[in-house]
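The file protein-v3.txt comes next; it holds compact mmCIF, C-alpha atoms.
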```txt
# COMPACT_ATOMS: atom_id res chain seq x y z
CA MET V 1 -15.53 -8.08 -63.89
CA SER V 2 -16.80 -4.57 -63.52
CA GLU V 3 -17.90 -2.90 -66.72
CA ASN V 4 -16.92 0.46 -65.25
CA ALA V 5 -13.15 -0.12 -65.05
CA LEU V 6 -11.31 2.82 -66.51
CA LEU V 7 -7.62 3.64 -66.96
CA GLU V 8 -6.72 7.23 -67.78
CA ALA V 9 -3.46 8.88 -68.70
CA VAL V 10 -3.69 12.65 -68.29
CA ASN V 11 -1.11 14.97 -69.92
CA LEU V 12 1.80 12.59 -69.53
CA SER V 13 5.24 13.90 -70.41
CA CYS V 14 8.49 11.99 -70.16
CA GLU V 15 12.10 12.75 -71.03
CA ARG V 16 15.06 10.39 -71.19
CA ASP V 17 18.63 11.57 -71.75
CA GLU V 18 17.39 15.11 -72.39
CA ARG V 19 15.09 13.87 -75.16
CA ALA V 20 11.31 14.08 -75.00
CA LEU V 21 9.74 10.67 -75.52
CA PHE V 22 6.19 12.01 -75.35
CA THR V 23 4.59 15.27 -74.28
CA ALA V 24 1.05 16.03 -73.06
CA LEU V 25 -0.05 12.47 -73.88
CA SER V 26 -3.64 11.75 -72.82
CA PHE V 27 -5.78 8.70 -73.47
CA ARG V 28 -8.19 6.35 -71.76
CA VAL V 29 -8.79 2.62 -71.80
CA ASP V 30 -12.25 1.34 -70.91
CA ALA V 31 -13.38 -2.10 -69.82
CA GLY V 32 -13.45 -4.46 -72.79
CA GLU V 33 -10.72 -2.61 -74.71
CA TRP V 34 -7.46 -3.91 -76.19
CA VAL V 35 -4.83 -1.25 -76.91
CA GLN V 36 -1.52 -1.80 -78.69
CA ILE V 37 1.21 0.79 -78.17
CA THR V 38 3.21 1.22 -81.37
CA GLY V 39 6.29 3.19 -82.32
CA ALA V 40 9.88 2.86 -83.42
CA ASN V 41 12.60 1.57 -81.11
CA GLY V 42 13.31 4.25 -78.53
CA ALA V 43 9.91 5.89 -78.92
CA GLY V 44 9.06 5.17 -75.29
CA LYS V 45 6.73 2.16 -75.52
CA THR V 46 8.18 0.26 -72.59
CA THR V 47 8.62 3.48 -70.62
CA LEU V 48 4.93 4.24 -71.08
CA LEU V 49 3.94 0.76 -69.92
CA ARG V 50 6.14 1.12 -66.84
CA ILE V 51 4.53 4.48 -66.06
CA LEU V 52 1.08 2.92 -66.42
CA SER V 53 2.12 0.11 -64.08
CA GLY V 54 3.39 2.54 -61.45
CA LEU V 55 6.96 1.26 -61.69
CA SER V 56 8.16 4.57 -63.18
CA ARG V 57 6.97 8.13 -62.85
CA PRO V 58 6.31 10.62 -65.63
CA ASP V 59 7.99 14.00 -65.57
CA SER V 60 4.49 15.48 -65.49
CA GLY V 61 0.91 14.27 -65.70
CA ASP V 62 -1.14 11.66 -63.86
CA ILE V 63 -2.39 8.10 -64.14
CA ARG V 64 -5.91 7.55 -62.85
CA TRP V 65 -7.72 4.31 -62.09
CA ASN V 66 -11.49 4.67 -61.98
CA GLY V 67 -11.08 8.41 -61.57
CA VAL V 68 -8.59 8.22 -58.69
CA THR V 69 -4.87 8.99 -59.02
CA LEU V 70 -2.49 6.09 -58.47
CA ALA V 71 -1.12 7.78 -55.36
CA ASP V 72 -4.55 7.39 -53.77
CA ALA V 73 -5.59 4.11 -55.41
CA ARG V 74 -2.34 2.12 -55.26
CA GLU V 75 -3.68 -0.79 -53.21
CA SER V 76 -6.79 -1.37 -55.30
CA TYR V 77 -4.83 -0.76 -58.49
CA SER V 78 -2.20 -3.35 -57.62
CA GLN V 79 -4.95 -5.91 -57.05
CA ASP V 80 -6.46 -5.15 -60.46
CA LEU V 81 -3.14 -5.11 -62.34
CA LEU V 82 -1.10 -7.83 -63.99
CA TRP V 83 2.25 -6.57 -65.30
CA LEU V 84 4.44 -8.83 -67.45
CA GLY V 85 7.60 -7.10 -68.58
CA HIS V 86 9.95 -7.93 -71.42
CA GLN V 87 11.88 -10.23 -69.07
CA PRO V 88 9.94 -13.27 -67.81
CA GLY V 89 10.39 -12.25 -64.15
CA MET V 90 10.71 -15.87 -63.04
CA LYS V 91 13.32 -17.58 -60.86
CA THR V 92 15.32 -19.92 -63.08
CA ARG V 93 16.35 -22.20 -60.21
CA LEU V 94 12.70 -23.01 -59.54
CA THR V 95 10.46 -25.18 -61.68
CA ALA V 96 7.66 -23.73 -63.77
CA LEU V 97 5.17 -25.11 -61.26
CA GLU V 98 7.05 -23.64 -58.29
CA ASN V 99 7.18 -20.23 -59.98
CA LEU V 100 3.43 -20.23 -60.55
CA ARG V 101 2.80 -21.32 -56.98
CA PHE V 102 4.88 -18.35 -55.79
CA TYR V 103 2.68 -15.89 -57.72
CA HIS V 104 -0.61 -17.69 -57.02
CA PRO V 105 -0.25 -19.41 -53.63
CA ARG V 106 -4.01 -19.80 -53.17
CA LYS V 107 -4.55 -21.74 -56.37
CA MET V 108 -4.96 -25.51 -56.26
CA GLN V 109 -2.26 -27.64 -57.87
CA ASP V 110 -4.65 -28.79 -60.60
CA GLU V 111 -5.34 -25.15 -61.53
CA LEU V 112 -1.62 -24.45 -61.82
CA LEU V 113 -1.08 -27.53 -63.98
CA ILE V 114 -3.97 -26.61 -66.27
CA ALA V 115 -2.57 -23.09 -66.68
CA LEU V 116 0.83 -24.49 -67.64
CA ALA V 117 -0.80 -26.86 -70.11
CA ASN V 118 -2.76 -23.98 -71.64
CA ALA V 119 0.52 -22.11 -72.03
CA GLY V 120 2.08 -25.10 -73.82
CA LEU V 121 4.19 -26.48 -70.98
CA ALA V 122 2.50 -29.82 -70.33
CA GLY V 123 5.25 -32.27 -69.41
CA TYR V 124 7.71 -29.53 -68.41
CA GLU V 125 6.11 -28.54 -65.11
CA ASP V 126 8.78 -30.04 -62.85
CA LEU V 127 11.88 -28.92 -64.72
CA PRO V 128 13.90 -25.95 -63.43
CA LEU V 129 13.44 -22.99 -65.75
CA ALA V 130 17.22 -22.92 -66.27
CA GLN V 131 16.82 -26.15 -68.26
CA LEU V 132 14.10 -24.72 -70.51
CA SER V 133 14.43 -22.68 -73.68
CA ALA V 134 13.81 -18.93 -73.75
CA GLY V 135 10.42 -19.56 -75.33
CA GLN V 136 9.47 -22.09 -72.67
CA GLN V 137 10.52 -19.70 -69.92
CA ARG V 138 8.33 -17.04 -71.51
CA ARG V 139 5.42 -19.52 -71.61
CA ALA V 140 5.89 -20.19 -67.88
CA ALA V 141 5.45 -16.48 -67.19
CA LEU V 142 2.49 -16.20 -69.54
CA ALA V 143 0.73 -19.09 -67.79
CA ARG V 144 -0.29 -16.46 -65.22
CA LEU V 145 -2.77 -15.17 -67.80
CA TRP V 146 -4.86 -18.29 -67.14
CA LEU V 147 -4.80 -17.76 -63.37
CA THR V 148 -5.09 -14.06 -62.65
CA SER V 149 -8.27 -12.25 -61.69
CA ALA V 150 -6.71 -8.86 -62.50
CA ARG V 151 -8.80 -6.70 -64.82
CA LEU V 152 -5.95 -4.70 -66.37
CA TRP V 153 -3.14 -6.53 -68.15
CA LEU V 154 -0.01 -4.57 -69.13
CA LEU V 155 2.15 -6.75 -71.38
CA ASP V 156 5.52 -5.79 -72.84
CA GLU V 157 6.34 -7.91 -75.92
CA PRO V 158 4.47 -11.00 -74.68
CA PHE V 159 5.06 -12.94 -77.92
CA THR V 160 8.87 -12.81 -77.74
CA ALA V 161 10.39 -16.27 -78.42
CA ILE V 162 6.91 -17.82 -78.81
CA ASP V 163 6.13 -19.93 -81.89
CA ALA V 164 3.08 -19.39 -84.11
CA ASP V 165 0.92 -21.92 -82.26
CA GLY V 166 1.76 -20.31 -78.94
CA VAL V 167 0.98 -16.85 -80.27
CA GLY V 168 -2.40 -18.13 -81.44
CA ASP V 169 -3.16 -19.56 -77.98
CA LEU V 170 -2.22 -16.28 -76.32
CA ILE V 171 -4.28 -14.16 -78.67
CA ARG V 172 -7.32 -16.32 -77.95
CA ARG V 173 -6.72 -15.89 -74.21
CA LEU V 174 -6.41 -12.13 -74.58
CA ALA V 175 -9.60 -12.02 -76.65
CA GLN V 176 -11.40 -14.02 -73.96
CA HIS V 177 -10.23 -11.58 -71.30
CA ILE V 178 -11.53 -8.65 -73.34
CA ALA V 179 -14.86 -10.41 -73.93
CA GLU V 180 -15.20 -10.77 -70.14
CA GLY V 181 -14.77 -7.03 -69.66
CA GLY V 182 -11.03 -7.04 -69.05
CA MET V 183 -8.48 -4.57 -70.42
CA VAL V 184 -5.22 -5.18 -72.28
CA VAL V 185 -2.50 -2.63 -73.03
CA MET V 186 0.50 -4.15 -74.75
CA THR V 187 3.48 -3.74 -77.03
CA THR V 188 4.54 -6.16 -79.74
CA HIS V 189 6.68 -6.09 -82.85
CA GLN V 190 4.52 -8.81 -84.38
CA PRO V 191 1.44 -7.94 -86.43
CA LEU V 192 -1.72 -9.06 -84.70
CA PRO V 193 -4.03 -11.20 -86.85
CA GLN V 194 -7.50 -9.99 -87.64
CA GLY V 195 -10.05 -11.40 -85.25
CA PRO V 196 -13.33 -10.78 -83.45
CA VAL V 197 -11.73 -8.21 -81.11
CA GLN V 198 -10.67 -4.85 -82.52
CA VAL V 199 -7.26 -3.69 -81.33
CA ARG V 200 -6.91 0.08 -80.94
CA LEU V 201 -3.51 1.55 -81.80
CA LEU V 202 -1.77 4.17 -79.71
CA SER V 203 1.17 5.49 -81.74
CA LEU V 204 4.17 7.14 -80.13
CA GLN V 205 5.75 7.88 -83.50
CA SER V 206 4.06 11.19 -84.18
CA SER V 207 1.88 13.81 -82.57
CA GLU V 208 -1.13 12.40 -84.39
CA ARG V 209 -2.23 9.58 -82.12
CA ASP V 210 -5.21 7.25 -82.41
CA LEU V 211 -6.70 7.81 -78.96
```
Would you put the structure from the file into structure tokens?
Amino acid sequence: MSENALLEAVNLSCERDERALFTALSFRVDAGEWVQITGANGAGKTTLLRILSGLSRPDSGDIRWNGVTLADARESYSQDLLWLGHQPGMKTRLTALENLRFYHPRKMQDELLIALANAGLAGYEDLPLAQLSAGQQRRAALARLWLTSARLWLLDEPFTAIDADGVGDLIRRLAQHIAEGGMVVMTTHQPLPQGPVQVRLLSLQSSERDL
């Protein structure tokens, strides 16, 4: 991975229902950084992630990838981006293996099976997601973290419905990605355990933000 990867938010402002979620918000995320967006419910955490992903637009301000606005860097940005929203984004009529094959058609079957095993779904690969629990469906989506080559991961509440062992596995995978020069921007209601990787907080609760 390139050590020069850089995500920038420049003077972002966003309103919802005539209420300002954030105003003139600027920050940057460099290669090898893990950022957690914090704030109360309704503070705009998911909205900010969606703006960073390009799925939503701010009322003002820009997102830049390696110094280029998303409007001019959309193709390269999409190749470098993995977005996992609050919903798993998987087709419940398909099996976990079939869902992964849809997202990663060039991967060998053994690679897909290993990713599912790493996500805690060994033995459940051939069951339709509709027959799996909410936590298992979430694990199927998160298995992509063991397959993607994207440098920037935007994750909205990735630990939802995941047990303690699963959370531990995911945190280790995120830490590995950071150690390899990747970037993580995420939300979570769960406290992150202390570890070898320092997580930087970006608070949407007040005007005093740790940037």
Close residues, Leu112 in chain V itself excluded, 8 Å, all atoms listed in the file, min 3 positions apart in chain, as a compact mmCIF listing (two decimals) with C-alpha atoms, in the coordinates of the input:
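Saved as selection25.txt:
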```txt
# COMPACT_ATOMS: atom_id res chain seq x y z
CA LEU V 97 5.17 -25.11 -61.26
CA LEU V 100 3.43 -20.23 -60.55
CA ARG V 101 2.80 -21.32 -56.98
CA LYS V 107 -4.55 -21.74 -56.37
CA MET V 108 -4.96 -25.51 -56.26
CA GLN V 109 -2.26 -27.64 -57.87
CA ALA V 115 -2.57 -23.09 -66.68
CA LEU V 116 0.83 -24.49 -67.64
CA LEU V 147 -4.80 -17.76 -63.37
```
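Put simply, CA of Gln198 in chain V is 8.9 Å away from CA of Val35 in chain V.
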Please identify all polymer residues within 6 Å of Arg64 in chain V, counting only C-alpha atoms, omitting same-chain residues fewer than 3 positions from it, and present them as an mmCIF file with C-alpha atoms, keeping the file's coordinate frame.
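Final output, saved to part-v8.cif:
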```
data_model
loop_
_atom_site.group_PDB
_atom_site.id
_atom_site.type_symbol
_atom_site.label_atom_id
_atom_site.label_comp_id
_atom_site.auth_asym_id
_atom_site.auth_seq_id
_atom_site.Cartn_x
_atom_site.Cartn_y
_atom_site.Cartn_z
ATOM 1 C CA LEU V 7 -7.620 3.640 -66.960
ATOM 2 C CA GLU V 8 -6.720 7.230 -67.780
ATOM 3 C CA GLY V 67 -11.080 8.410 -61.570
ATOM 4 C CA VAL V 68 -8.590 8.220 -58.690
ATOM 5 C CA THR V 69 -4.870 8.990 -59.020
ATOM 6 C CA LEU V 70 -2.490 6.090 -58.470
#
```
Of V:Glu98, V:Glu33, V:Asp110, V:Asp163, the one sitting nearest His177 in chain V when using only C-alpha atoms is V:Glu33
Distance in Å - CA of Gln36 in chain V versus CA of Ala24 in chain V:
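Between CA of Gln36 in chain V and CA of Ala24 in chain V the gap is 18.9 Å.
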Would you mind reading off the distance between CA of Ala43 in chain V and CA of Leu204 in chain V, one decimal, in Å?
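One can read the CA of Ala43 in chain V to CA of Leu204 in chain V distance as 6.0 Å.
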Which is closest to Val199 in chain V among V:Gln131, V:Asn11, V:Ile37, V:Arg28, if we use only C-alpha atoms?
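The answer is V:Ile37, which sits nearest to Val199 in chain V.
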Using only C-alpha atoms, the shortest atom-to-atom distance to Asp126 in chain V among V:Thr46, V:Ser53, V:Asn99, V:Ser203 belongs to V:Asn99
Among V:Ile114, V:Arg138, V:Met183, V:Ser13, Gly61 in chain V is approached most closely, using all atoms listed in the file, by V:Ser13
Kindly provide, as AutoDock Vina command-line options, the centre and edge lengths (Å, one decimal) of an axis-aligned box around all atoms of range 67-81 of chain V given in the file, with 6 Å on each side.
```
--center_x -6.1 --center_y 1.5 --center_z -57.8 --size_x 22.0 --size_y 26.9 --size_z 21.1
```
Around the point (-1.2, -19.2, -68.8) in the file's coordinates, collect all residues with an atom within 9 Å, using all atoms listed in the file, and return them as a list in words.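 So the residues meeting the distance criterion are Leu112, Ile114, Ala115, Leu116, Ala117, Asn118, Ala119, Gly120, Arg139, Ala140, Ala141, Leu142, Ala143, Arg144, Leu145, Trp146, Leu147, Thr148, Leu170 and Arg173 of chain V.
Using only C-alpha atoms, the protein and nucleic acid residues lying at most 7 Å from the point (-6.2, -3.3, -66.0) are Asp80, Leu81, Ala150, Arg151, Leu152, Trp153, Gly182, Met183 and Val184 of chain V.
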